file model-v2.txt (compact mmCIF, C-alpha atoms)
# COMPACT_ATOMS: atom_id res chain seq x y z
CA MET A 1 22.77 3.12 36.62
CA GLU A 2 25.37 5.36 34.96
CA SER A 3 27.70 2.37 34.54
CA LEU A 4 24.92 0.47 32.75
CA ARG A 5 24.27 3.47 30.49
CA GLN A 6 27.99 3.69 29.63
CA ARG A 7 28.15 -0.02 28.82
CA LEU A 8 25.05 0.19 26.65
CA THR A 9 26.48 3.19 24.82
CA HIS A 10 29.71 1.28 24.26
CA VAL A 11 27.96 -1.89 23.03
CA LEU A 12 25.71 0.03 20.66
CA HIS A 13 28.61 2.24 19.47
CA LEU A 14 26.46 5.30 20.00
CA GLN A 15 29.55 7.49 20.06
CA GLU A 16 30.37 6.53 16.46
CA THR A 17 29.90 8.88 13.56
CA PRO A 18 26.78 8.56 11.40
CA HIS A 19 29.09 7.52 8.54
CA ARG A 20 30.47 4.54 10.43
CA THR A 21 27.09 3.34 11.70
CA ALA A 22 25.49 3.74 8.28
CA LEU A 23 28.42 1.88 6.72
CA ALA A 24 27.95 -0.99 9.17
CA PHE A 25 24.23 -1.14 8.34
CA ALA A 26 24.92 -1.05 4.58
CA ILE A 27 27.38 -3.92 4.90
CA GLY A 28 24.68 -5.87 6.72
CA VAL A 29 22.24 -5.13 3.89
CA PHE A 30 24.87 -6.26 1.39
CA ILE A 31 25.15 -9.55 3.28
CA ALA A 32 21.35 -9.90 3.44
CA PHE A 33 21.04 -9.96 -0.35
CA ALA A 34 24.27 -11.88 -1.01
CA PRO A 35 23.80 -15.34 -2.52
CA HIS A 36 25.74 -17.25 0.14
CA TYR A 37 22.74 -18.49 2.08
CA LEU A 38 23.25 -20.27 5.40
CA LEU A 39 26.36 -18.13 5.98
CA HIS A 40 24.75 -14.71 6.48
CA THR A 41 24.99 -14.65 10.26
CA ALA A 42 28.57 -15.88 10.24
CA SER A 43 29.43 -13.28 7.60
CA SER A 44 27.85 -10.53 9.67
CA VAL A 45 29.74 -11.51 12.81
CA PHE A 46 33.00 -11.85 10.89
CA CYS A 47 32.67 -8.49 9.09
CA ALA A 48 31.75 -6.68 12.31
CA TRP A 49 34.75 -8.21 14.05
CA LEU A 50 37.22 -7.82 11.18
CA PHE A 51 36.43 -4.17 10.43
CA ARG A 52 35.55 -3.25 14.05
CA LEU A 53 32.08 -2.19 12.98
CA ASN A 54 28.96 -1.68 15.04
CA PHE A 55 27.79 -5.28 15.48
CA VAL A 56 24.17 -4.26 16.13
CA ALA A 57 24.04 -2.18 12.93
CA VAL A 58 25.56 -4.97 10.82
CA MET A 59 23.12 -7.53 12.24
CA LEU A 60 20.12 -5.22 11.75
CA GLY A 61 21.09 -4.73 8.12
CA SER A 62 21.53 -8.45 7.56
CA LEU A 63 18.18 -9.22 9.18
CA ILE A 64 16.41 -7.64 6.23
CA ASN A 65 16.64 -11.18 4.93
CA ASN A 66 14.47 -13.13 7.33
CA PRO A 67 11.80 -15.86 7.06
CA TRP A 68 9.17 -13.32 5.96
CA THR A 69 11.30 -11.75 3.24
CA LEU A 70 13.23 -14.80 2.05
CA ILE A 71 10.90 -15.82 -0.78
CA PRO A 72 10.53 -12.26 -2.19
CA ILE A 73 14.32 -11.79 -2.07
CA LEU A 74 14.99 -15.14 -3.74
CA THR A 75 12.39 -14.38 -6.41
CA ALA A 76 13.71 -10.88 -7.04
CA SER A 77 17.25 -12.25 -7.28
CA LEU A 78 16.28 -14.85 -9.87
CA TYR A 79 14.20 -12.49 -12.00
CA THR A 80 16.85 -9.75 -11.82
CA GLY A 81 19.46 -12.24 -13.01
CA LEU A 82 17.22 -13.52 -15.80
CA PHE A 83 16.56 -9.94 -16.88
CA LEU A 84 20.26 -9.00 -16.83
CA ILE A 85 21.39 -11.95 -18.89
CA GLY A 86 18.46 -11.53 -21.28
CA ASP A 87 16.95 -14.93 -20.61
CA SER A 88 13.24 -14.87 -21.27
CA SER A 89 12.73 -18.59 -20.68
CA SER A 90 9.91 -19.77 -18.51
CA THR A 91 10.72 -20.12 -14.83
CA THR A 92 7.87 -22.50 -14.17
CA ILE A 93 9.04 -25.52 -12.24
CA GLU A 94 6.82 -28.55 -11.86
CA TRP A 95 7.44 -29.05 -8.16
CA GLU A 96 5.44 -32.29 -8.10
CA GLN A 97 8.09 -33.87 -10.33
CA VAL A 98 11.04 -32.73 -8.20
CA THR A 99 12.82 -35.42 -6.25
CA MET A 100 16.13 -35.44 -4.42
CA ASP A 101 17.61 -37.28 -7.40
CA ASN A 102 16.66 -34.66 -9.99
CA LEU A 103 16.67 -31.50 -7.85
CA PHE A 104 20.03 -30.26 -9.13
CA ASP A 105 19.16 -31.03 -12.77
CA ILE A 106 15.91 -29.06 -12.56
CA LEU A 107 17.36 -26.05 -10.70
CA SER A 108 20.84 -25.84 -12.30
CA PRO A 109 19.72 -23.70 -15.29
CA TYR A 110 18.71 -21.02 -12.80
CA LEU A 111 21.91 -21.03 -10.73
CA VAL A 112 23.92 -18.49 -12.77
CA PRO A 113 20.99 -16.06 -13.21
CA PHE A 114 20.29 -16.33 -9.49
CA LEU A 115 23.91 -15.61 -8.55
CA ILE A 116 24.07 -12.63 -10.93
CA GLY A 117 20.74 -11.27 -9.69
CA ALA A 118 21.54 -11.73 -6.00
CA SER A 119 24.94 -10.08 -6.41
CA THR A 120 23.41 -7.16 -8.29
CA LEU A 121 20.66 -6.65 -5.71
CA SER A 122 23.25 -6.94 -2.94
CA ILE A 123 25.32 -4.10 -4.38
CA LEU A 124 22.35 -1.88 -5.27
CA SER A 125 20.56 -2.34 -1.96
CA SER A 126 23.67 -1.57 0.08
CA LEU A 127 24.36 1.54 -2.02
CA LEU A 128 20.80 2.66 -1.30
CA ALA A 129 20.91 1.70 2.39
CA TYR A 130 24.00 3.77 3.22
CA PRO A 131 22.66 7.27 2.41
CA LEU A 132 19.22 6.45 3.82
CA MET A 133 20.66 5.23 7.12
CA ARG A 134 23.17 8.08 7.34
CA TRP A 135 20.39 10.63 6.79
CA THR A 136 18.20 8.87 9.37
CA ILE A 137 20.95 8.79 12.00
CA THR A 138 21.94 12.41 11.38
CA ARG A 139 18.33 13.54 11.56
CA TYR A 140 17.66 11.53 14.72
CA ARG A 141 20.74 12.89 16.45
CA SER A 142 19.95 16.48 15.53
CA VAL A 143 16.38 16.12 16.82
CA THR A 144 17.46 14.47 20.08
CA GLN A 145 20.27 17.01 20.55
CA HIS A 146 17.78 19.83 19.98
CA GLU A 147 15.36 18.31 22.50
CA SER A 148 18.18 17.78 24.97
CA SER A 149 19.32 21.38 24.71
CA GLU A 150 15.74 22.62 25.27
CA THR A 151 15.39 20.63 28.50
CA HIS A 152 18.65 22.10 29.87
CA VAL A 153 17.56 25.69 29.26
call {"tool": "encode", "arguments": {"input": "model-v2.txt", "output": "structure tokens"}}
result
Amino acid sequence: MESLRQRLTHVLHLQETPHRTALAFAIGVFIAFAPHYLLHTASSVFCAWLFRLNFVAVMLGSLINNPWTLIPILTASLYTGLFLIGDSSSTTIEWEQVTMDNLFDILSPYLVPFLIGASTLSILSSLLAYPLMRWTITRYRSVTQHESSETHV
């Protein structure tokens, strides 16, 4: 049982500092909002491997973007980009008229605002995620350490 506990601790990087775990989570959040869709999982795995980060924390951060949050994130990215570039044009798309032949023509005016908005939200959300996760980890560890010391007394 102790061997299993040691392996689990190693896999979850529980011996890491709160800074490093929070950094891994924030990188995952950055990836979640990044505009390179269909490559988020590969990016998470690659970043965790390349920087020797806590894989679980990176993946948890990246899973903020999931099937339930995809549409709100896409919408927020587009509207953030439109706001930042000062474009007040209508974003109404007549979906009944969209075909595979004209899909790019209809959506191309929104590509640059979307990329700008997604990149901005990616940076801002990761900058917000880091201190929140670091505070959460530090608080959790201090509470569990306090509880642990009480049971040994």
call {"tool": "closest_residue", "arguments": {"input": "model-v2.txt", "among": "A:Ala42, A:Val58, A:Val112, A:Ile73", "to": "A:Asp87", "atoms": "only C-alpha atoms"}}
result
A:Val112
call {"tool": "closest_residue", "arguments": {"input": "model-v2.txt", "among": "A:Ser62, A:Ser3, A:Ser142, A:Ser108", "to": "A:Cys47", "atoms": "only C-alpha atoms"}}
result
A:Ser62
call {"tool": "atom_distance", "arguments": {"input": "model-v2.txt", "atom1": "atom CA of A:Ile64", "atom2": "atom CA of A:Tyr130"}}
result
14.0 Å
call {"tool": "closest_residue", "arguments": {"input": "model-v2.txt", "among": "A:Leu38, A:Leu78, A:Val29, A:Leu128", "to": "A:Ile116", "atoms": "all atoms listed in the file"}}
result
A:Leu78
call {"tool": "residues_around", "arguments": {"input": "model-v2.txt", "residues": "A:Phe30", "least_positions_apart": "2", "cutoff": "6 Å", "atoms": "all atoms listed in the file", "output": "JSON, numbers by chain"}}
result
{"A": [27, 28, 32, 33, 122, 126]}
call {"tool": "write_last_selection", "arguments": {"input": "model-v2.txt", "atoms": "C-alpha atoms", "output": "PDB file, keeping the file's coordinate frame"}}
result
ATOM      1  CA  ILE A  27      27.380  -3.920   4.900  1.00  0.00           C
ATOM      2  CA  GLY A  28      24.680  -5.870   6.720  1.00  0.00           C
ATOM      3  CA  ALA A  32      21.350  -9.900   3.440  1.00  0.00           C
ATOM      4  CA  PHE A  33      21.040  -9.960  -0.350  1.00  0.00           C
ATOM      5  CA  SER A 122      23.250  -6.940  -2.940  1.00  0.00           C
ATOM      6  CA  SER A 126      23.670  -1.570   0.080  1.00  0.00           C
TER       7      SER A 126
END
call {"tool": "residues_around", "arguments": {"input": "model-v2.txt", "residues": "A:Tyr110", "least_positions_apart": "3", "cutoff": "9 Å", "atoms": "only C-alpha atoms", "output": "PyMOL selection string"}}
result
chain A and resi 78+81-82+91+106-107+113-115
call {"tool": "atom_distance", "arguments": {"input": "model-v2.txt", "atom1": "atom CA of A:Ala57", "atom2": "atom CA of A:Ala34"}}
result
17.0 Å
call {"tool": "atom_distance", "arguments": {"input": "model-v2.txt", "atom1": "atom CA of A:Pro35", "atom2": "atom CA of A:Leu111"}}
result
10.2 Å
call {"tool": "closest_residue", "arguments": {"input": "model-v2.txt", "among": "A:His36, A:Ile71, A:Leu103, A:Gly117", "to": "A:Phe83", "atoms": "all atoms listed in the file"}}
result
A:Gly117
call {"tool": "closest_residue", "arguments": {"input": "model-v2.txt", "among": "A:Ile137, A:Ala118, A:Val56, A:Leu84", "to": "A:Leu70", "atoms": "only C-alpha atoms"}}
result
A:Ala118
call {"tool": "build_atoms", "arguments": {"input": "model-v2.txt", "residues": "stretch 107-126 of chain A", "atoms": "N, CA and C atoms", "output": "PDB file, in the frame of the given file"}}
result
ATOM      1  N   LEU A 107      17.037 -27.415 -11.139  1.00  0.00           N
ATOM      2  CA  LEU A 107      17.360 -26.050 -10.700  1.00  0.00           C
ATOM      3  C   LEU A 107      18.656 -25.492 -11.293  1.00  0.00           C
ATOM      4  N   SER A 108      19.533 -26.320 -11.816  1.00  0.00           N
ATOM      5  CA  SER A 108      20.840 -25.840 -12.300  1.00  0.00           C
ATOM      6  C   SER A 108      20.752 -24.778 -13.398  1.00  0.00           C
ATOM      7  N   PRO A 109      19.765 -24.787 -14.308  1.00  0.00           N
ATOM      8  CA  PRO A 109      19.720 -23.700 -15.290  1.00  0.00           C
ATOM      9  C   PRO A 109      19.487 -22.319 -14.688  1.00  0.00           C
ATOM     10  N   TYR A 110      19.015 -22.288 -13.455  1.00  0.00           N
ATOM     11  CA  TYR A 110      18.710 -21.020 -12.800  1.00  0.00           C
ATOM     12  C   TYR A 110      19.812 -20.565 -11.850  1.00  0.00           C
ATOM     13  N   LEU A 111      20.860 -21.361 -11.687  1.00  0.00           N
ATOM     14  CA  LEU A 111      21.910 -21.030 -10.730  1.00  0.00           C
ATOM     15  C   LEU A 111      22.673 -19.764 -11.121  1.00  0.00           C
ATOM     16  N   VAL A 112      23.148 -19.675 -12.346  1.00  0.00           N
ATOM     17  CA  VAL A 112      23.920 -18.490 -12.770  1.00  0.00           C
ATOM     18  C   VAL A 112      23.043 -17.239 -12.761  1.00  0.00           C
ATOM     19  N   PRO A 113      21.824 -17.269 -13.322  1.00  0.00           N
ATOM     20  CA  PRO A 113      20.990 -16.060 -13.210  1.00  0.00           C
ATOM     21  C   PRO A 113      20.722 -15.653 -11.766  1.00  0.00           C
ATOM     22  N   PHE A 114      20.522 -16.638 -10.894  1.00  0.00           N
ATOM     23  CA  PHE A 114      20.290 -16.330  -9.490  1.00  0.00           C
ATOM     24  C   PHE A 114      21.508 -15.651  -8.868  1.00  0.00           C
ATOM     25  N   LEU A 115      22.689 -16.194  -9.110  1.00  0.00           N
ATOM     26  CA  LEU A 115      23.910 -15.610  -8.550  1.00  0.00           C
ATOM     27  C   LEU A 115      24.140 -14.194  -9.069  1.00  0.00           C
ATOM     28  N   ILE A 116      23.907 -13.970 -10.344  1.00  0.00           N
ATOM     29  CA  ILE A 116      24.070 -12.630 -10.930  1.00  0.00           C
ATOM     30  C   ILE A 116      23.039 -11.676 -10.330  1.00  0.00           C
ATOM     31  N   GLY A 117      21.794 -12.114 -10.236  1.00  0.00           N
ATOM     32  CA  GLY A 117      20.740 -11.270  -9.690  1.00  0.00           C
ATOM     33  C   GLY A 117      20.946 -10.952  -8.220  1.00  0.00           C
ATOM     34  N   ALA A 118      21.322 -11.956  -7.435  1.00  0.00           N
ATOM     35  CA  ALA A 118      21.540 -11.730  -6.000  1.00  0.00           C
ATOM     36  C   ALA A 118      22.720 -10.791  -5.782  1.00  0.00           C
ATOM     37  N   SER A 119      23.774 -10.963  -6.544  1.00  0.00           N
ATOM     38  CA  SER A 119      24.940 -10.080  -6.410  1.00  0.00           C
ATOM     39  C   SER A 119      24.595  -8.652  -6.792  1.00  0.00           C
ATOM     40  N   THR A 120      23.825  -8.497  -7.849  1.00  0.00           N
ATOM     41  CA  THR A 120      23.410  -7.160  -8.290  1.00  0.00           C
ATOM     42  C   THR A 120      22.530  -6.496  -7.238  1.00  0.00           C
ATOM     43  N   LEU A 121      21.544  -7.219  -6.732  1.00  0.00           N
ATOM     44  CA  LEU A 121      20.660  -6.650  -5.710  1.00  0.00           C
ATOM     45  C   LEU A 121      21.432  -6.355  -4.422  1.00  0.00           C
ATOM     46  N   SER A 122      22.419  -7.161  -4.122  1.00  0.00           N
ATOM     47  CA  SER A 122      23.250  -6.940  -2.940  1.00  0.00           C
ATOM     48  C   SER A 122      23.979  -5.610  -3.034  1.00  0.00           C
ATOM     49  N   ILE A 123      24.586  -5.358  -4.172  1.00  0.00           N
ATOM     50  CA  ILE A 123      25.320  -4.100  -4.380  1.00  0.00           C
ATOM     51  C   ILE A 123      24.365  -2.914  -4.385  1.00  0.00           C
ATOM     52  N   LEU A 124      23.289  -3.006  -5.166  1.00  0.00           N
ATOM     53  CA  LEU A 124      22.350  -1.880  -5.270  1.00  0.00           C
ATOM     54  C   LEU A 124      21.668  -1.564  -3.943  1.00  0.00           C
ATOM     55  N   SER A 125      21.256  -2.593  -3.221  1.00  0.00           N
ATOM     56  CA  SER A 125      20.560  -2.340  -1.960  1.00  0.00           C
ATOM     57  C   SER A 125      21.489  -1.735  -0.915  1.00  0.00           C
ATOM     58  N   SER A 126      22.742  -2.160  -0.894  1.00  0.00           N
ATOM     59  CA  SER A 126      23.670  -1.570   0.080  1.00  0.00           C
ATOM     60  C   SER A 126      24.008  -0.129  -0.293  1.00  0.00           C
TER      61      SER A 126
END
